[in-house]
file target-v7.txt (compact mmCIF, C-alpha atoms)
# COMPACT_ATOMS: atom_id res chain seq x y z
CA MET X 1 110.13 125.07 99.34
CA ALA X 2 112.88 124.25 101.84
CA PHE X 3 116.37 124.08 100.36
CA LYS X 4 119.75 124.52 101.98
CA PHE X 5 123.47 124.09 101.44
CA ASN X 6 125.59 122.98 104.37
CA PHE X 7 128.04 125.89 104.19
CA THR X 8 130.46 126.51 107.03
CA SER X 9 130.69 129.87 108.73
CA ASP X 10 133.83 130.65 106.69
CA ASP X 11 131.94 130.07 103.45
CA LEU X 12 129.17 132.40 104.53
CA ASP X 13 131.46 134.89 106.31
CA LEU X 14 129.10 135.14 109.26
CA ASP X 15 130.65 136.56 112.40
CA ASP X 16 127.85 135.49 114.69
CA VAL X 17 127.98 131.76 113.92
CA ASP X 18 128.82 129.53 116.90
CA GLN X 19 132.42 128.55 116.16
CA ASN X 20 132.47 125.88 118.89
CA GLY X 21 129.55 124.09 117.31
CA THR X 22 131.19 124.20 113.89
CA GLU X 23 134.46 122.82 115.27
CA GLN X 24 132.62 119.95 116.94
CA ILE X 25 130.91 119.03 113.68
CA ASP X 26 134.17 119.25 111.71
CA SER X 27 135.87 117.06 114.31
CA SER X 28 133.16 114.39 114.25
CA LEU X 29 133.18 114.24 110.46
CA GLY X 30 136.97 114.12 110.39
CA ASP X 31 136.87 110.86 112.31
CA LEU X 32 134.89 109.34 109.43
CA SER X 33 136.82 110.77 106.49
CA LEU X 34 139.33 108.79 104.45
CA GLU X 35 143.01 109.24 105.28
CA ASP X 36 143.72 108.63 101.60
CA PRO X 37 140.91 109.94 99.34
CA SER X 38 142.05 107.53 96.62
CA GLN X 39 140.99 104.55 98.75
CA LYS X 40 137.48 104.32 97.40
CA VAL X 41 135.03 101.49 97.94
CA PRO X 42 135.65 98.97 95.12
CA SER X 43 132.78 98.11 92.81
CA LYS X 44 131.03 94.79 93.21
CA GLU X 45 127.63 93.23 92.72
CA PHE X 46 125.46 93.07 95.81
CA ASN X 47 123.91 89.67 96.57
CA ILE X 48 120.21 90.49 96.85
CA ASN X 49 119.30 86.95 97.89
CA ALA X 50 121.50 87.26 101.00
CA CYS X 51 120.09 90.62 102.09
CA PRO X 52 119.26 90.60 105.85
CA LEU X 53 115.68 91.58 106.59
CA PRO X 54 113.70 92.25 109.76
CA GLY X 55 110.38 90.62 110.63
CA ALA X 56 108.52 93.77 109.56
CA ILE X 57 109.28 97.02 107.76
CA GLN X 58 107.79 100.34 108.82
CA ALA X 59 107.36 102.88 106.06
CA ASP X 60 105.94 106.21 105.06
CA ALA X 61 103.28 106.36 102.38
CA LEU X 62 104.62 108.90 99.90
CA HIS X 63 102.43 111.34 98.02
CA ILE X 64 104.74 112.83 95.40
CA PRO X 65 103.17 115.63 93.36
CA GLY X 66 102.63 114.53 89.75
CA VAL X 67 103.20 110.84 90.50
CA ASP X 68 100.07 108.70 90.22
CA THR X 69 101.77 105.61 91.64
CA GLN X 70 101.47 104.97 95.36
CA LEU X 71 105.00 104.60 96.73
CA TYR X 72 106.33 103.54 100.12
CA LYS X 73 109.70 104.40 101.66
CA ARG X 74 111.26 102.74 104.68
CA THR X 75 111.76 105.11 107.60
CA LEU X 76 115.25 105.72 108.93
CA ALA X 77 113.88 105.15 112.43
CA ASP X 78 113.05 101.60 111.36
CA VAL X 79 116.62 101.08 110.12
CA LYS X 80 117.95 102.18 113.51
CA PHE X 81 115.53 99.81 115.20
CA GLN X 82 116.85 96.92 113.10
CA MET X 83 120.40 97.84 114.08
CA ALA X 84 119.50 97.76 117.78
CA GLU X 85 117.64 94.48 117.33
CA GLN X 86 120.73 92.78 115.93
CA ASP X 87 122.24 93.27 119.38
CA THR X 88 125.85 93.96 118.41
CA LEU X 89 125.89 97.73 118.37
CA LEU X 90 126.99 98.35 121.96
CA ASN X 91 129.37 95.41 122.21
CA GLU X 92 131.22 95.97 118.93
CA PRO X 93 131.78 99.67 118.14
CA ASP X 94 133.35 98.87 114.74
CA SER X 95 130.58 96.50 113.70
CA GLU X 96 128.51 96.86 110.54
CA GLU X 97 125.60 98.07 112.64
CA GLY X 98 127.76 100.75 114.23
CA LYS X 99 128.82 102.03 110.80
CA VAL X 100 125.21 102.27 109.67
CA VAL X 101 124.19 104.25 112.74
CA ASP X 102 127.17 106.58 112.21
CA MET X 103 125.91 107.22 108.69
CA LEU X 104 122.36 107.81 109.86
CA ASN X 105 123.55 110.24 112.51
CA LEU X 106 125.29 112.30 109.83
CA ASN X 107 121.88 113.54 108.68
CA SER X 108 121.86 116.05 111.52
CA ASN X 109 125.34 117.43 110.71
CA SER X 110 126.22 116.84 107.08
CA ASP X 111 124.78 115.20 103.98
CA LEU X 112 127.89 113.14 103.21
CA VAL X 113 131.53 112.41 103.94
CA ARG X 114 133.46 112.07 100.74
CA GLY X 115 134.78 108.58 100.06
CA VAL X 116 133.10 107.15 103.17
CA TYR X 117 129.40 107.93 103.04
CA GLU X 118 127.93 109.44 99.87
CA GLY X 119 124.51 110.51 101.18
CA GLY X 120 122.42 107.49 100.21
CA PHE X 121 120.29 107.46 103.36
CA LYS X 122 119.04 110.95 102.53
CA THR X 123 116.18 111.41 100.07
CA TRP X 124 117.27 114.21 97.74
CA GLU X 125 114.82 116.67 96.22
CA CYS X 126 115.84 116.01 92.62
CA SER X 127 114.89 112.34 93.02
CA LEU X 128 111.31 113.50 93.57
CA ASP X 129 111.48 115.69 90.46
CA LEU X 130 112.91 112.79 88.45
CA ALA X 131 110.19 110.45 89.73
CA GLU X 132 107.57 112.99 88.64
CA TYR X 133 109.19 113.42 85.21
CA LEU X 134 109.39 109.67 84.57
CA SER X 135 105.81 109.17 85.70
CA GLN X 136 104.56 111.59 83.05
CA LEU X 137 106.52 110.19 80.08
CA PRO X 138 104.65 108.42 77.25
CA LYS X 139 104.11 104.74 77.96
CA ASP X 140 106.35 103.51 75.14
CA GLN X 141 109.33 105.37 76.63
CA ILE X 142 109.16 103.68 80.04
CA THR X 143 107.91 100.15 79.33
CA GLY X 144 109.82 97.03 78.31
CA LYS X 145 113.11 98.72 79.19
CA ARG X 146 116.37 97.72 80.81
CA ILE X 147 117.18 100.55 83.22
CA LEU X 148 120.04 101.49 85.53
CA GLU X 149 119.83 104.07 88.32
CA LEU X 150 123.21 105.42 89.43
CA GLY X 151 123.52 106.75 92.98
CA CYS X 152 120.08 105.37 93.77
CA GLY X 153 119.78 105.80 97.55
CA SER X 154 116.09 105.36 98.36
CA ALA X 155 115.54 104.68 94.62
CA LEU X 156 112.25 106.53 94.20
CA PRO X 157 112.67 106.92 90.40
CA SER X 158 113.41 103.19 90.11
CA LEU X 159 110.30 102.40 92.14
CA VAL X 160 108.19 104.37 89.66
CA LEU X 161 109.69 102.47 86.73
CA LEU X 162 109.27 99.09 88.41
CA ALA X 163 105.61 99.91 89.03
CA LYS X 164 104.96 101.19 85.50
CA ASP X 165 105.65 97.89 83.75
CA LEU X 166 106.28 94.40 85.08
CA ASN X 167 108.56 93.80 82.10
CA ASN X 168 110.95 96.56 83.10
CA GLN X 169 114.32 95.36 84.38
CA VAL X 170 115.61 98.00 86.80
CA ASP X 171 119.12 97.73 88.23
CA VAL X 172 120.34 99.99 91.03
CA GLN X 173 123.74 101.25 92.18
CA ASP X 174 124.92 103.14 95.24
CA TYR X 175 128.36 103.83 96.69
CA ASN X 176 127.56 102.28 100.09
CA ASP X 177 126.39 98.69 100.37
CA GLN X 178 124.73 99.65 103.67
CA VAL X 179 122.35 101.89 101.72
CA ILE X 180 121.49 99.11 99.27
CA ARG X 181 121.02 96.63 102.12
CA TYR X 182 118.92 98.67 104.53
CA ILE X 183 117.11 101.16 102.29
CA THR X 184 117.10 100.31 98.56
CA ILE X 185 116.18 96.61 98.71
CA PRO X 186 113.56 97.10 101.47
CA ASN X 187 112.02 99.90 99.40
CA ILE X 188 111.85 97.67 96.32
CA LEU X 189 110.25 94.94 98.43
CA LEU X 190 107.69 97.38 99.82
CA ASN X 191 106.67 98.52 96.36
CA THR X 192 106.78 95.29 94.35
CA VAL X 193 106.40 92.20 96.54
CA LEU X 194 105.07 92.93 100.01
CA THR X 195 101.51 93.55 101.12
CA VAL X 196 101.57 96.95 102.79
CA GLU X 197 98.97 97.93 105.36
CA GLU X 198 98.35 101.63 105.85
CA THR X 199 97.03 103.32 108.98
CA SER X 200 93.62 104.70 108.11
CA THR X 201 93.89 107.60 110.55
CA ALA X 202 97.06 108.80 108.86
CA ASP X 203 95.32 108.69 105.48
CA ALA X 204 92.37 110.65 106.83
CA GLN X 205 94.65 113.26 108.36
CA LEU X 206 96.52 113.67 105.09
CA SER X 207 93.24 114.07 103.22
CA ASP X 208 92.09 116.75 105.66
CA GLU X 209 95.37 118.62 105.32
CA LYS X 210 95.04 118.67 101.56
CA GLU X 211 91.47 119.94 101.69
CA GLU X 212 92.38 122.75 104.07
CA SER X 213 95.33 123.96 101.99
CA SER X 214 94.86 127.29 100.24
CA SER X 215 97.37 126.75 97.44
CA GLU X 216 98.07 123.68 95.31
CA GLU X 217 101.66 124.82 94.76
CA GLU X 218 102.19 125.16 98.50
CA ASP X 219 100.73 121.65 98.93
CA ASP X 220 103.33 120.25 96.53
CA ASP X 221 106.17 122.01 98.33
CA GLU X 222 105.01 120.76 101.73
CA GLU X 223 104.73 117.18 100.45
CA LYS X 224 108.27 117.31 99.06
CA ASP X 225 109.67 118.91 102.21
CA GLN X 226 108.14 116.17 104.33
CA ILE X 227 109.66 113.42 102.16
CA ILE X 228 113.09 115.07 102.03
CA GLY X 229 113.10 115.71 105.76
CA ASP X 230 112.17 112.11 106.45
CA THR X 231 109.39 113.04 108.82
CA ALA X 232 108.72 109.56 110.14
CA THR X 233 104.98 109.15 110.28
CA CYS X 234 105.25 105.34 110.07
CA ASP X 235 101.82 105.25 108.49
CA ALA X 236 102.42 101.92 106.75
CA GLU X 237 103.86 98.53 107.68
CA ALA X 238 104.54 95.23 105.97
CA GLU X 239 105.18 91.85 107.57
CA LEU X 240 108.01 89.60 106.36
CA PRO X 241 107.41 86.02 107.53
CA ALA X 242 110.80 84.33 107.81
CA GLU X 243 109.75 81.33 105.74
CA ARG X 244 108.78 83.60 102.83
CA VAL X 245 111.85 85.86 102.79
CA PRO X 246 113.94 83.69 100.37
CA ASP X 247 111.13 83.70 97.82
CA MET X 248 110.57 87.45 98.25
CA LEU X 249 114.24 88.20 97.60
CA ARG X 250 114.26 85.82 94.65
CA ARG X 251 111.37 87.76 93.11
CA VAL X 252 113.27 91.02 93.57
CA SER X 253 116.43 89.56 91.99
CA GLU X 254 114.47 88.44 88.92
CA ARG X 255 113.88 92.09 87.96
CA THR X 256 116.78 93.85 89.67
CA ARG X 257 120.53 93.60 90.08
CA ALA X 258 122.28 95.79 92.63
CA PHE X 259 125.81 97.19 92.55
CA VAL X 260 127.88 99.00 95.17
CA GLY X 261 131.12 100.96 95.19
CA ASP X 262 132.88 103.54 93.07
CA TRP X 263 131.65 104.17 89.52
CA SER X 264 135.08 103.52 88.00
CA GLY X 265 134.70 99.77 88.42
CA LEU X 266 131.08 99.53 87.32
CA PRO X 267 131.60 99.10 83.53
CA ALA X 268 133.42 95.80 84.08
CA LEU X 269 130.49 94.47 86.10
CA VAL X 270 127.84 95.26 83.48
CA GLN X 271 129.77 94.62 80.27
CA ASP X 272 127.32 91.83 79.42
CA ARG X 273 124.29 94.01 80.15
CA LYS X 274 123.65 97.23 78.22
CA TYR X 275 120.86 99.57 79.28
CA ASN X 276 118.13 101.29 77.27
CA VAL X 277 117.83 103.97 79.94
CA ILE X 278 120.26 105.25 82.60
CA ILE X 279 118.95 107.66 85.22
CA THR X 280 120.63 109.61 88.00
CA SER X 281 119.84 112.67 90.11
CA GLU X 282 121.95 114.85 92.43
CA THR X 283 124.89 112.45 92.24
CA ILE X 284 127.70 114.90 91.43
CA TYR X 285 129.10 117.31 94.00
CA SER X 286 132.78 117.33 92.95
CA GLN X 287 134.49 117.66 89.58
CA GLU X 288 136.79 114.74 90.39
CA ALA X 289 133.86 112.31 90.25
CA LEU X 290 132.59 113.47 86.86
CA PRO X 291 134.92 111.42 84.58
CA ALA X 292 134.01 108.16 86.34
CA LEU X 293 130.30 108.94 86.04
CA ILE X 294 130.58 109.79 82.33
CA ASP X 295 132.60 106.63 81.65
CA ALA X 296 130.06 104.50 83.54
CA ILE X 297 127.23 105.95 81.46
CA GLN X 298 129.04 105.67 78.12
CA SER X 299 130.17 102.11 78.82
CA SER X 300 126.81 100.88 80.07
CA LEU X 301 124.41 102.56 77.65
CA GLN X 302 122.99 100.61 74.74
CA LYS X 303 123.98 102.18 71.44
CA PRO X 304 122.81 103.93 69.38
CA ASP X 305 119.35 104.44 70.90
CA GLY X 306 119.99 104.36 74.67
CA VAL X 307 119.03 107.48 76.62
CA TRP X 308 120.17 108.97 79.93
call {"tool": "encode", "arguments": {"input": "target-v7.txt", "output": "structure tokens"}}
result
Amino acid sequence: MAFKFNFTSDDLDLDDVDQNGTEQIDSSLGDLSLEDPSQKVPSKEFNINACPLPGAIQADALHIPGVDTQLYKRTLADVKFQMAEQDTLLNEPDSEEGKVVDMLNLNSNSDLVRGVYEGGFKTWECSLDLAEYLSQLPKDQITGKRILELGCGSALPSLVLLAKDLNNQVDVQDYNDQVIRYITIPNILLNTVLTVEETSTADAQLSDEKEESSSEEEDDDEEKDQIIGDTATCDAEAELPAERVPDMLRRVSERTRAFVGDWSGLPALVQDRKYNVIITSETIYSQEALPALIDAIQSSLQKPDGVW
């Protein structure tokens, strides 16, 4: 199983690391970091019905070990294509599209920049483990529930819960509204509303690879590594006719609310909506963020029988 921490050469005390390369990375990330770490993105509800969508979404068909639900995840290459299509990237360096591409480009250097980009475009390994765990729970524990996923990103656990029961209400939250807009909502559409067409040759190739594998455990690791690494096979696609987009987004909003920004402001936004279940995975990387996360959970959880 592939797993890595993005340590610097100083952390690892390696003399043979290319210092020039490290300095270039540190410099590029410094341009994106907050001058004042206290200036966090304020919490607010994201307007799902106003979410901009392309004419089609390209996706990967996910095969998560232990998950019997077929899931689809939008490729990051497709997000970049949408940014280029909106035709403002080159003319307006500080545009929304430019910020998104900056975030996507971070995947090759760093997982996140604290207070600016919190890693939502990356699919984290624990989200796959959580999706598998939720998929195997008894039916009564994951049906007819009001659920909140904190730090959702690609929202794979939420997609499992949306698929398990049409009566589930699943809300999502991520620090960056760009992640909600270009990854989370398209993923929910792919898995709940849209008609997805898969490429048969890709399915056949995947089947052959599974049959040739010598170890089931190695198969599982390879599947996870491919999802985490966002190997864009683009083996699925869904059309979004412009005249149907408002109805599609309305259907999403009937089962899902979306929130963006720092956790500290979330309780005020959901004070009228307590949750039976709150889920989160790989959301904490600094002690400073822990109190806000705990407060968000305690304030949003239905008592006394809510679980997280």
call {"tool": "residues_around", "arguments": {"input": "target-v7.txt", "residues": "Ala163 (chain X)", "least_positions_apart": "4", "cutoff": "12 Å", "atoms": "all atoms listed in the file", "output": "VMD selection string"}}
result
chain X and resid 67 to 72 131 134 to 135 142 to 144 156 to 159 167 to 170 188 to 193 255
call {"tool": "closest_residue", "arguments": {"input": "target-v7.txt", "among": "X:Ile57, X:Cys152, X:Val270, X:Leu301", "to": "Asp177 (chain X)", "atoms": "only C-alpha atoms"}}
result
X:Cys152
call {"tool": "atom_distance", "arguments": {"input": "target-v7.txt", "atom1": "CA of Cys51 (chain X)", "atom2": "CA of Thr283 (chain X)"}}
result
24.4 Å
call {"tool": "residues_around", "arguments": {"input": "target-v7.txt", "residues": "Tyr175 (chain X)", "least_positions_apart": "5", "cutoff": "7 Å", "atoms": "all atoms listed in the file", "output": "PyMOL selection string"}}
result
chain X and resi 118+151+260-262
call {"tool": "closest_residue", "arguments": {"input": "target-v7.txt", "among": "X:Glu288, X:Glu198, X:Asp305, X:Glu282", "to": "Leu130 (chain X)", "atoms": "all atoms listed in the file"}}
result
X:Glu282
call {"tool": "residues_around", "arguments": {"input": "target-v7.txt", "residues": "Val179 (chain X)", "least_positions_apart": "3", "cutoff": "7 Å", "atoms": "all atoms listed in the file", "output": "ChimeraX atom specification"}}
result
/X:120-121,153,176,182-184
call {"tool": "atom_distance", "arguments": {"input": "target-v7.txt", "atom1": "CA of Leu148 (chain X)", "atom2": "CA of Gln173 (chain X)"}}
result
7.6 Å
call {"tool": "atom_distance", "arguments": {"input": "target-v7.txt", "atom1": "CA of Ala258 (chain X)", "atom2": "CA of Glu45 (chain X)"}}
result
5.9 Å
